[in-house]
Number of protein chains: 2
Amino acid sequence: MCRNEFELKAEFMTDTAVAESVSEGRTVRVDLGARSYDIKIGRGLIDQAGQEIADVLPGARLAVIVDEAVAGLHLKRFSASLDAAGLAHTVARVPQGEGSKCFREFERLCDEVLGARLERGDAVVALGGGVTGDLAGFVAASVRRGMSFVQVPTTLLAQVDSSVGGKTGINARFGKNLIGAFHQPVLVLADTEVLDTLPIRDFRSGYAEVAKYGLLGDADFFAWLEANWTEVFKGGSARDEAVARSCRSKADVVAADELESGRRALLNLGHTFGHALESAVSYETERLVHGEGVAIGMMLAHEFSQRLGLIGADTVERVHKHLSDVGLPVRIQDIPGQMPPVETFLDIIAQDKKVSRGALTFILTRGIGEAFVEKGVDPALVSDFLKEKLET
Amino acid sequence: MCRNEFELKAEFMTDTAVAESVSEGRTVRVDLGARSYDIKIGRGLIDQAGQEIADVLPGARLAVIVDEAVAGLHLKRFSASLDAAGLAHTVARVPQGEGSKCFREFERLCDEVLGARLERGDAVVALGGGVTGDLAGFVAASVRRGMSFVQVPTTLLAQVDSSVGGKTGINARFGKNLIGAFHQPVLVLADTEVLDTLPIRDFRSGYAEVAKYGLLGDADFFAWLEANWTEVFKGGSARDEAVARSCRSKADVVAADELESGRRALLNLGHTFGHALESAVSYETERLVHGEGVAIGMMLAHEFSQRLGLIGADTVERVHKHLSDVGLPVRIQDIPGQMPPVETFLDIIAQDKKVSRGALTFILTRGIGEAFVEKGVDPALVSDFLKEKLET
């Protein structure tokens, strides 16, 4: 499966789960009982996609939902691989960008899948980034009340985050990802070679989520990233390892809490602030992309934790240094253009779905790799903190 | 809970499940592990709805989705009951009729629920018939990837069929119920008194599903219906019992097969033909309502079973007599207006979701109460049979 040999790093030998995933050729198993599935990771995997899918879904017909830009880069190879495996498929293209996660596209794609006469045992395949995966996943969840779903994520962000865990959805006018379903894929194929075609800003954005896994629960991984991030950006085995380890982290959390009632909330480290920032700039990606929002959000989460006396300045500085080193923004002021007043942020945060009965829920931290869920955060503290951050 | 005493019928004493549901005051428990819930059945239950909901969802805020016609009849009482229990709620009205099960209404209602700032632990309540329940259920399943859901079905059809089992959904241009989710309610309140306000044609339509439970797996129940159907139509304890026993039948099948991979398909007795008939008249309810399609469909399923040598003419005659007695249509020719050619029917049936890899799946029967799933039905046999039925 995996085409590149893995150089074992001393830091990893202590981590049984990672060692296992490596020895299996970088297959990460997401353990969810009857809904368990594999994430396969490797360079050039797209050329084997047909066979991999046929192994899991013999005889299935496919509706490939693909981002228009991704189609230009990778569809030909992907389609050829499906043909070689004898898998009949239709292709539905979606315009690039967050705007496609809307009710209109959802309806259009549902009709496309039904129009192709796909049955329940057939599959929807998402070929693209997070937008394509979220949208196609909600289509797969909803057509005939649930079809099989295969993810072929083509961005780092999608490979390490949105393709793991079964969250699918579209945006509503009240906010992002507010309409959707939990719907697990039957297979995820993460070709790390296709990431070579990503603009550096997109790769960096995905890297924010990679760093997040270290920050939320794996200090060793964060230390490894500090030492090896340039190799991750270059490609090769360090990149494969970073993707695999991120998927393993997320898979472990998801397996423990599939429907996000508790521990899974840790994955939202940096996301409450991050989503608020994305919303504040009306999701204008020229100003801010998701991972950049997460990077600034993670900084804010650490600074807020420092304010609450949970961590010292040295920890905040270490996070700041690493995120800055890789080129991610770390302050609200790094976002070009004007920011709305603090009241707007609080309003967005209150409408965010990480809210339980009025009290604010935040992911805070007691150190690198020691994030925790705090459900009773006083809105006044958040307000004061954000006001200061917006002004300085 | 239940306001009417139940007169035990000798026929029922042999059925432990029914005896239990009765002794519990006509509460039918749907056993689905962590997603288990109660169906409460009784006259005037709507006045206790607030307290019942507060018992299951203390402190929840509610979005009541109500059919416009039902709102005129029952909303005032229902709302008063919620107020009495201290449950804050907003109301969203949907136009009456199948046309509301569309993407537009789905989007509008999702926005209404989000606009009311309901959180994940809050609930969507469906007050109305099957259309309202299916639509509101899909909204509940999708907003924030799943909110709590309460069903207060106000038609016989909804009480005995659509409110049990967690199927939710909307229609697509390729067919009915093709977009949706499996999403279980946390509580179902079936007030049998509100059925007094139903037009007789609607009550009869629901009764087709009641008879179905006898025909598919409970010969004793069918015999009891033959003897007691006039009392069921009048109201009182026979009606409550018919609703409870129908819910119990469906609940047992659903518990055994929540996601409809096998046994649950039995519930489609009469529905493959029935849906095709509804589609053939473009869902014009002046010509055919759902239960009427099911009644004719059940007759066709029995006649087709007779054609295949599975049952004798006496069984077909018995079904024919009972459905005719209650006033349900039993022949395709009972539907006013022109019917499309047989090819159209086969096309609709092939597009129906009860299809597996090209072969046709039908629910056939070996006698009253002995329905079974036949997955390998030859389309040519169906074509010949339907052609004859369309012509005679």
# chains A, B, ... in the order shown; residues from 1 in each chain; ligands from 1
>>> interface_residues(of="chain B", to="chain A", cutoff="6 Å", atoms="only C-alpha atoms", output="list in words")
Ser142, Val143, Arg144, Arg145, Leu178, Ile179, Gly180 and Ala181 of chain B
>>> select_by_dssp(residues="range 75-297 of chain B", states="alpha helix (DSSP H)", output="NGL selection string")
:B and (76-84 or 103-115 or 130-142 or 156-157 or 200-217 or 219-234 or 237-256 or 271-280 or 290-297)
>>> select_by_dssp(residues="range 104-303 of chain A", states="strand (DSSP E)", output="VMD selection string")
chain A and resid 123 to 128 148 to 153 167 to 172 175 to 182 187 to 191
>>> residues_around(residues="Tyr213 in chain B", least_positions_apart="4", cutoff="9 Å", atoms="only C-alpha atoms", output="list in words")
Glu209, Gly217, Asp218, Ala219, Phe221, Phe222, Arg245, Ser246, Ser249, Lys250, Leu267 and Gly369 of chain B
>>> write_last_selection(atoms="N, CA, C and O atoms", output="short mmCIF file (atom, residue, chain, number, x, y, z; two decimals), in the first residue's frame")
data_model
loop_
_atom_site.label_atom_id
_atom_site.label_comp_id
_atom_site.auth_asym_id
_atom_site.auth_seq_id
_atom_site.Cartn_x
_atom_site.Cartn_y
_atom_site.Cartn_z
N GLU B 209 -53.06 0.87 6.69
CA GLU B 209 -51.80 0.47 7.34
C GLU B 209 -52.07 -0.40 8.57
O GLU B 209 -51.30 -1.30 8.88
N GLY B 217 -48.09 -10.10 9.36
CA GLY B 217 -47.49 -11.01 10.33
C GLY B 217 -48.36 -11.40 11.51
O GLY B 217 -47.86 -11.97 12.48
N ASP B 218 -49.65 -11.07 11.49
CA ASP B 218 -50.46 -11.30 12.69
C ASP B 218 -51.90 -11.65 12.30
O ASP B 218 -52.79 -10.81 12.31
N ALA B 219 -52.11 -12.93 11.99
CA ALA B 219 -53.42 -13.39 11.52
C ALA B 219 -54.50 -13.14 12.58
O ALA B 219 -55.65 -12.82 12.24
N PHE B 221 -54.67 -10.66 14.70
CA PHE B 221 -55.02 -9.24 14.65
C PHE B 221 -55.93 -8.97 13.45
O PHE B 221 -56.92 -8.22 13.57
N PHE B 222 -55.63 -9.59 12.33
CA PHE B 222 -56.48 -9.38 11.15
C PHE B 222 -57.91 -9.88 11.43
O PHE B 222 -58.89 -9.21 11.09
N ARG B 245 -51.61 -1.84 19.02
CA ARG B 245 -51.15 -3.11 18.46
C ARG B 245 -50.38 -2.88 17.15
O ARG B 245 -49.39 -3.56 16.88
N SER B 246 -50.80 -1.89 16.37
CA SER B 246 -50.08 -1.56 15.13
C SER B 246 -48.69 -1.03 15.46
O SER B 246 -47.69 -1.44 14.85
N SER B 249 -46.47 -3.82 16.55
CA SER B 249 -46.01 -4.63 15.42
C SER B 249 -44.86 -3.93 14.71
O SER B 249 -43.83 -4.54 14.43
N LYS B 250 -45.05 -2.66 14.44
CA LYS B 250 -44.00 -1.95 13.72
C LYS B 250 -42.75 -1.83 14.57
O LYS B 250 -41.63 -2.01 14.08
N LEU B 267 -42.58 -4.36 6.11
CA LEU B 267 -43.50 -3.24 6.29
C LEU B 267 -43.90 -2.62 4.96
O LEU B 267 -44.83 -1.83 4.89
N GLY B 369 -51.10 -13.02 7.40
CA GLY B 369 -50.09 -12.96 8.47
C GLY B 369 -48.79 -13.67 8.13
O GLY B 369 -47.96 -13.89 9.00
#
>>> residues_around(residues="Ala92 in chain A", least_positions_apart="3", cutoff="9 Å", atoms="only C-alpha atoms", output="PyMOL selection string")
chain A and resi 63-67+109+112-113
